[in-house]
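These notes are about the structure you will find just below.
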Amino acid sequence: MRNFSLHKILSVAKTEYIKWITNPRMIIVLVMMVFIKSVAIDPLLANSAEMNSPLNMLEPFIAVGNSGLVLLILPIVYMTLMSDFPKVDGNAIFYMIRTGKVNWLIGQILFSISAIITYISAVLIGSILPLFGKAFWANGWSLVTKQYEMTFPEKAGGIGAELLPKSLYNQLPPFSAAIQLYILIALYLFALSLIMILSYLLGIKILGTLTNGAIISIGVALTSIKTSAMWLWPMANTIIWLHHTSYFRQPIKPISYSYIYFTGLILALLILCIFAIRKSNFSTIKEV
């Protein structure tokens with residue numbers, strides 16, 4: 001820790017963030033938001049118009065984060081945006097050597113956290129913008145969410161009616177649901193980022209992409225059939241409504257389990273990264 005330098009850490013994180021945020025592939029986020037609007041936001045707006053009643057401003061974001069289809073897309077798009085992470089090209093190898101192993105690693109971790117916050121915040125803002133002038137801001141669910149199925153029982157199986165299930169709005173207020181959703185998605189993406197760093201330090205960068213792809217696909221498969229094994233994967237631990245029953249207070253799986261799960265997974269990956277970087281040699285590292 002004698003070579004620890006906050007200035008160098010922030011410099012690495014800043015450099016990586018600027019390169020990431022100015023990359024032309026960021027246009028993918030806009031394409032994703034168009035998709036999210038069509039599958040998660042527009043159905044809720046249609047229900048709101050049908051009932052002539054406003055939505056809660058946070059309900060579309062909560063619906064986005066509890067949709068199995070969207071939660072499949074979110075990590076895939078994030079992986080695409082971070083496909084070259086950690087990025088090593090041009091003069092990057094020289095500043096890696098000058099910065100030092102520990103500072104470079106912490107800088108990369110700080111950058112990934114900044115990228116995750118930017119990414120999820122973009123989804124949050126993109127989910128809220130279409131509702132300006134059409135929704136209210138309060139820590140209570142809208143009548144559209146709570147009474148749509150009773151008002152239109154023939155449409156109970158529709159997409160709009162299933163985006164916010166009873167196991168969500170009967171168990172949590174919207175502020176708590178939105179905050180927990182934001183944190184859990186962030187932890188999920190952070191774990192994927194650490195796997196990418198670890199695979200790079202091990203000299204098998206493609207392994208990170210393959211591992212993350214397997215984690216996402218297996219998690220989606222197990223969650224879709226709702227087997228108990230799904231709780232061993234990040235996907236199910238990110239979906240809040242899966243933790244609860246529709247009416248009873250006793251949860252199917254305590255939300256605290258998911259926080260412990262992600263904490264343990266992230267700590268294990270951080271420890272592996274520390275061990276891996278101690279054995280890495282930046283002077284012989286290959287450009288990517």
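Letters A, B, ... go to the chains of the structure tokens in the order shown; residues in each chain start at 1; ligands are counted from 1 in the same order.
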Considering only C-alpha atoms, give me a table of residues in stretch 97-183 of chain A that are at most 12 Å from stretch 38-57 of chain A, with the closest atom pair and distance in Å for each, as a Markdown table.
| residue | atom | partner | partner_atom | distance |
| --- | --- | --- | --- | --- |
| A:Val123 | CA | A:Ile41 | CA | 11.6 |
| A:Leu124 | CA | A:Met57 | CA | 10.4 |
| A:Ile125 | CA | A:Met57 | CA | 10.5 |
| A:Gly126 | CA | A:Ile41 | CA | 9.9 |
| A:Ser127 | CA | A:Ile41 | CA | 7.0 |
| A:Ile128 | CA | A:Met57 | CA | 6.1 |
| A:Leu129 | CA | A:Met57 | CA | 9.0 |
| A:Pro130 | CA | A:Ile41 | CA | 8.1 |
| A:Leu131 | CA | A:Met57 | CA | 6.5 |
| A:Phe132 | CA | A:Met57 | CA | 7.9 |
| A:Gly133 | CA | A:Pro54 | CA | 9.2 |
| A:Lys134 | CA | A:Pro54 | CA | 5.9 |
| A:Ala135 | CA | A:Leu55 | CA | 4.8 |
| A:Phe136 | CA | A:Asn56 | CA | 5.1 |
| A:Trp137 | CA | A:Met57 | CA | 5.6 |
| A:Ala138 | CA | A:Asn56 | CA | 6.9 |
| A:Asn139 | CA | A:Asn56 | CA | 8.3 |
| A:Gly140 | CA | A:Asn56 | CA | 7.4 |
| A:Trp141 | CA | A:Asn56 | CA | 6.2 |
| A:Ser142 | CA | A:Leu55 | CA | 5.2 |
| A:Leu143 | CA | A:Ser53 | CA | 6.9 |
| A:Val144 | CA | A:Ser48 | CA | 5.9 |
| A:Thr145 | CA | A:Leu55 | CA | 7.7 |
| A:Lys146 | CA | A:Leu55 | CA | 10.5 |
| A:Gln147 | CA | A:Met51 | CA | 9.3 |
| A:Tyr148 | CA | A:Asn47 | CA | 7.4 |
| A:Glu149 | CA | A:Asn47 | CA | 10.1 |
| A:Met150 | CA | A:Met51 | CA | 11.3 |
| A:Thr151 | CA | A:Met51 | CA | 8.2 |
| A:Phe152 | CA | A:Met51 | CA | 9.2 |
| A:Lys155 | CA | A:Asn47 | CA | 10.1 |
| A:Ala156 | CA | A:Asn47 | CA | 11.3 |
| A:Gly158 | CA | A:Pro43 | CA | 8.9 |
| A:Ile159 | CA | A:Pro43 | CA | 6.7 |
| A:Gly160 | CA | A:Pro43 | CA | 4.6 |
| A:Ala161 | CA | A:Leu44 | CA | 7.9 |
| A:Glu162 | CA | A:Leu44 | CA | 9.8 |
| A:Leu163 | CA | A:Ala40 | CA | 7.1 |
| A:Leu164 | CA | A:Leu44 | CA | 9.3 |
| A:Tyr169 | CA | A:Asn56 | CA | 11.8 |
| A:Pro173 | CA | A:Asn56 | CA | 11.0 |
| A:Pro174 | CA | A:Asn56 | CA | 8.3 |
| A:Phe175 | CA | A:Asn56 | CA | 10.2 |
| A:Ala178 | CA | A:Met57 | CA | 10.7 |
When you look at A:His244 with a cut-off of 9 Å (counting only C-alpha atoms), what residues show up, excluding the ones that are within fewer than 3 positions of it in the same chain? I need them as a PyMOL selection string.
chain A and resi 167-168+171+240-241+247-255
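Note that the spacing between atom CA of A:Tyr188 and atom CA of A:Pro86 amounts to 17.8 Å.
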Using backbone DSSP assignments, extract all helix (DSSP H, G or I) residues from stretch 49-241 of chain A; output them as an MDAnalysis selection string.
chainID A and resid 49:51 59:65 68:81 92:99 101:131 143:151 153:155 159:162 166:169 174:201 205:225 228:232 234:238 240:241
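Every residue of stretch 4-233 of chain A with a DSSP assignment of strand (DSSP E or B), taken from the backbone, is listed as A:Leu55, A:Asn56, A:Ala135, A:Phe136.
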Output all heavy atoms for every residue in the selection just made, as an mmCIF file, in the first residue's frame.
data_model
loop_
_atom_site.group_PDB
_atom_site.id
_atom_site.type_symbol
_atom_site.label_atom_id
_atom_site.label_comp_id
_atom_site.auth_asym_id
_atom_site.auth_seq_id
_atom_site.Cartn_x
_atom_site.Cartn_y
_atom_site.Cartn_z
ATOM 1 N N LEU A 55 -50.629 7.363 -13.113
ATOM 2 C CA LEU A 55 -49.677 6.416 -12.543
ATOM 3 C C LEU A 55 -48.794 7.118 -11.513
ATOM 4 O O LEU A 55 -48.710 8.344 -11.485
ATOM 5 C CB LEU A 55 -48.771 5.845 -13.640
ATOM 6 C CG LEU A 55 -49.407 4.965 -14.713
ATOM 7 C CD1 LEU A 55 -48.435 4.786 -15.874
ATOM 8 C CD2 LEU A 55 -49.795 3.610 -14.138
ATOM 9 N N ASN A 56 -48.125 6.330 -10.688
ATOM 10 C CA ASN A 56 -47.046 6.859 -9.870
ATOM 11 C C ASN A 56 -45.833 7.029 -10.780
ATOM 12 O O ASN A 56 -45.557 6.189 -11.635
ATOM 13 C CB ASN A 56 -46.716 5.890 -8.730
ATOM 14 C CG ASN A 56 -45.661 6.421 -7.776
ATOM 15 O OD1 ASN A 56 -44.564 6.781 -8.178
ATOM 16 N ND2 ASN A 56 -45.989 6.463 -6.506
ATOM 17 N N ALA A 135 -48.460 11.764 -14.414
ATOM 18 C CA ALA A 135 -48.284 10.923 -13.231
ATOM 19 C C ALA A 135 -48.124 11.792 -11.982
ATOM 20 O O ALA A 135 -47.959 13.007 -12.064
ATOM 21 C CB ALA A 135 -47.062 10.024 -13.406
ATOM 22 N N PHE A 136 -48.159 11.132 -10.820
ATOM 23 C CA PHE A 136 -47.991 11.836 -9.549
ATOM 24 C C PHE A 136 -46.758 11.296 -8.835
ATOM 25 O O PHE A 136 -46.250 10.224 -9.155
ATOM 26 C CB PHE A 136 -49.237 11.669 -8.667
ATOM 27 C CG PHE A 136 -49.516 10.249 -8.252
ATOM 28 C CD1 PHE A 136 -48.988 9.723 -7.080
ATOM 29 C CD2 PHE A 136 -50.335 9.422 -9.037
ATOM 30 C CE1 PHE A 136 -49.239 8.416 -6.685
ATOM 31 C CE2 PHE A 136 -50.589 8.109 -8.648
ATOM 32 C CZ PHE A 136 -50.037 7.606 -7.479
#
Residue with smallest distance to A:Leu69 - pool A:Thr227, A:Ser246, A:Ser256, A:Ser217, counting only C-alpha atoms
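Once distances to A:Leu69 are computed over only C-alpha atoms, the minimum belongs to A:Ser217.
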Give the answer as one residue: which of A:Leu202, A:Ile76, A:Ile260, A:Ala115 has the shortest atom-to-atom distance to A:Ala214, using only C-alpha atoms?
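Between A:Leu202, A:Ile76, A:Ile260, A:Ala115, the residue approaching A:Ala214 most closely is A:Ile76.
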Extract, using only C-alpha atoms, all DNA, RNA and protein residues at most 8 Å from A:Leu181, discarding same-chain residues fewer than 2 positions from it, and format them as a list in words.
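Non-adjacent residues within range: Ile62, Gly65, Ala177, Ala178, Ile179, Ile183, Leu184, Ile185, Thr238, Ile239 and Ile240 of chain A.
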Could those selected residues go to a file with N, CA and C atoms, as a short mmCIF file (atom, residue, chain, number, x, y, z; two decimals), in the first residue's frame?
data_model
loop_
_atom_site.label_atom_id
_atom_site.label_comp_id
_atom_site.auth_asym_id
_atom_site.auth_seq_id
_atom_site.Cartn_x
_atom_site.Cartn_y
_atom_site.Cartn_z
N ILE A 62 -40.05 0.65 -11.87
CA ILE A 62 -40.21 -0.56 -11.08
C ILE A 62 -40.67 -1.71 -11.98
N GLY A 65 -37.71 -3.01 -13.98
CA GLY A 65 -36.80 -3.84 -13.20
C GLY A 65 -37.38 -5.14 -12.71
N ALA A 177 -39.43 -0.10 -3.15
CA ALA A 177 -39.26 -1.00 -4.29
C ALA A 177 -38.26 -0.43 -5.29
N ALA A 178 -38.36 0.87 -5.58
CA ALA A 178 -37.47 1.50 -6.56
C ALA A 178 -36.03 1.54 -6.06
N ILE A 179 -35.84 1.89 -4.79
CA ILE A 179 -34.49 1.97 -4.23
C ILE A 179 -33.83 0.59 -4.20
N ILE A 183 -30.46 -0.74 -6.34
CA ILE A 183 -29.29 -1.31 -5.67
C ILE A 183 -29.00 -2.73 -6.15
N LEU A 184 -30.04 -3.55 -6.26
CA LEU A 184 -29.85 -4.95 -6.64
C LEU A 184 -29.35 -5.08 -8.09
N ILE A 185 -29.89 -4.26 -8.98
CA ILE A 185 -29.40 -4.29 -10.36
C ILE A 185 -27.94 -3.84 -10.41
N THR A 238 -32.29 -10.43 -8.20
CA THR A 238 -32.50 -9.05 -8.62
C THR A 238 -33.98 -8.71 -8.73
N ILE A 239 -34.83 -9.71 -8.92
CA ILE A 239 -36.27 -9.48 -9.13
C ILE A 239 -36.99 -9.46 -7.78
N ILE A 240 -37.48 -8.31 -7.39
CA ILE A 240 -38.03 -8.13 -6.05
C ILE A 240 -39.31 -8.95 -5.84
#
So which one's closest to A:Ser114, A:Leu10, A:Val64, A:Ile27, A:Ile274? Using only C-alpha atoms, please.
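Answer, going by the shortest atom-to-atom distance: A:Leu10.
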Could you name the residues that touch A:Leu269 at 9 Å or less, counting only C-alpha atoms, but leaving out those on the same chain fewer than 4 positions away, as a list of chain:residue names?
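Once the adjacent positions are removed, what remains is A:Ala191, A:Leu194, A:Ile195, A:Leu198, A:Gly264, A:Leu265, A:Cys273, A:Ile274.
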With N, CA and C atoms retained, could you export that selection as a compact mmCIF listing (two decimals), in the first residue's frame?
# COMPACT_ATOMS: atom_id res chain seq x y z
N ALA A 191 -21.00 -7.31 -10.17
CA ALA A 191 -20.43 -8.66 -10.16
C ALA A 191 -19.97 -9.06 -11.55
N LEU A 194 -16.65 -7.31 -12.24
CA LEU A 194 -15.51 -7.92 -11.55
C LEU A 194 -15.06 -9.21 -12.24
N ILE A 195 -16.01 -9.94 -12.78
CA ILE A 195 -15.66 -11.16 -13.52
C ILE A 195 -14.84 -10.79 -14.77
N LEU A 198 -11.32 -9.87 -13.54
CA LEU A 198 -10.61 -11.07 -13.13
C LEU A 198 -10.12 -11.88 -14.33
N GLY A 264 -21.44 -11.51 -0.62
CA GLY A 264 -20.50 -12.62 -0.61
C GLY A 264 -19.86 -12.84 -1.97
N LEU A 265 -20.67 -12.77 -3.03
CA LEU A 265 -20.16 -12.97 -4.38
C LEU A 265 -19.15 -11.88 -4.75
N CYS A 273 -9.47 -11.00 -7.51
CA CYS A 273 -8.82 -9.96 -8.31
C CYS A 273 -7.52 -9.50 -7.66
N ILE A 274 -7.54 -9.36 -6.34
CA ILE A 274 -6.33 -8.93 -5.61
C ILE A 274 -5.22 -9.96 -5.76
Rounded to one decimal place, report the atom CA of A:Asn66-atom CA of A:Asn212 distance in Å.
20.3 Å
Counting only C-alpha atoms, the residue of A:Val88, A:Ile225, A:Ile120, A:Leu110 that sits nearest A:Met33
A:Ile120
Residue nearest A:Ile215 - candidates A:Leu201, A:Leu232, A:Ile116, A:Val70, atoms counted: only C-alpha atoms:
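Result for the nearest residue to A:Ile215: A:Leu232.
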For the atom pair atom CA of A:Thr263 and atom CA of A:Phe190, what is the interatomic distance in Å to one decimal place?
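Separating atom CA of A:Thr263 from atom CA of A:Phe190 is a distance of 10.7 Å.
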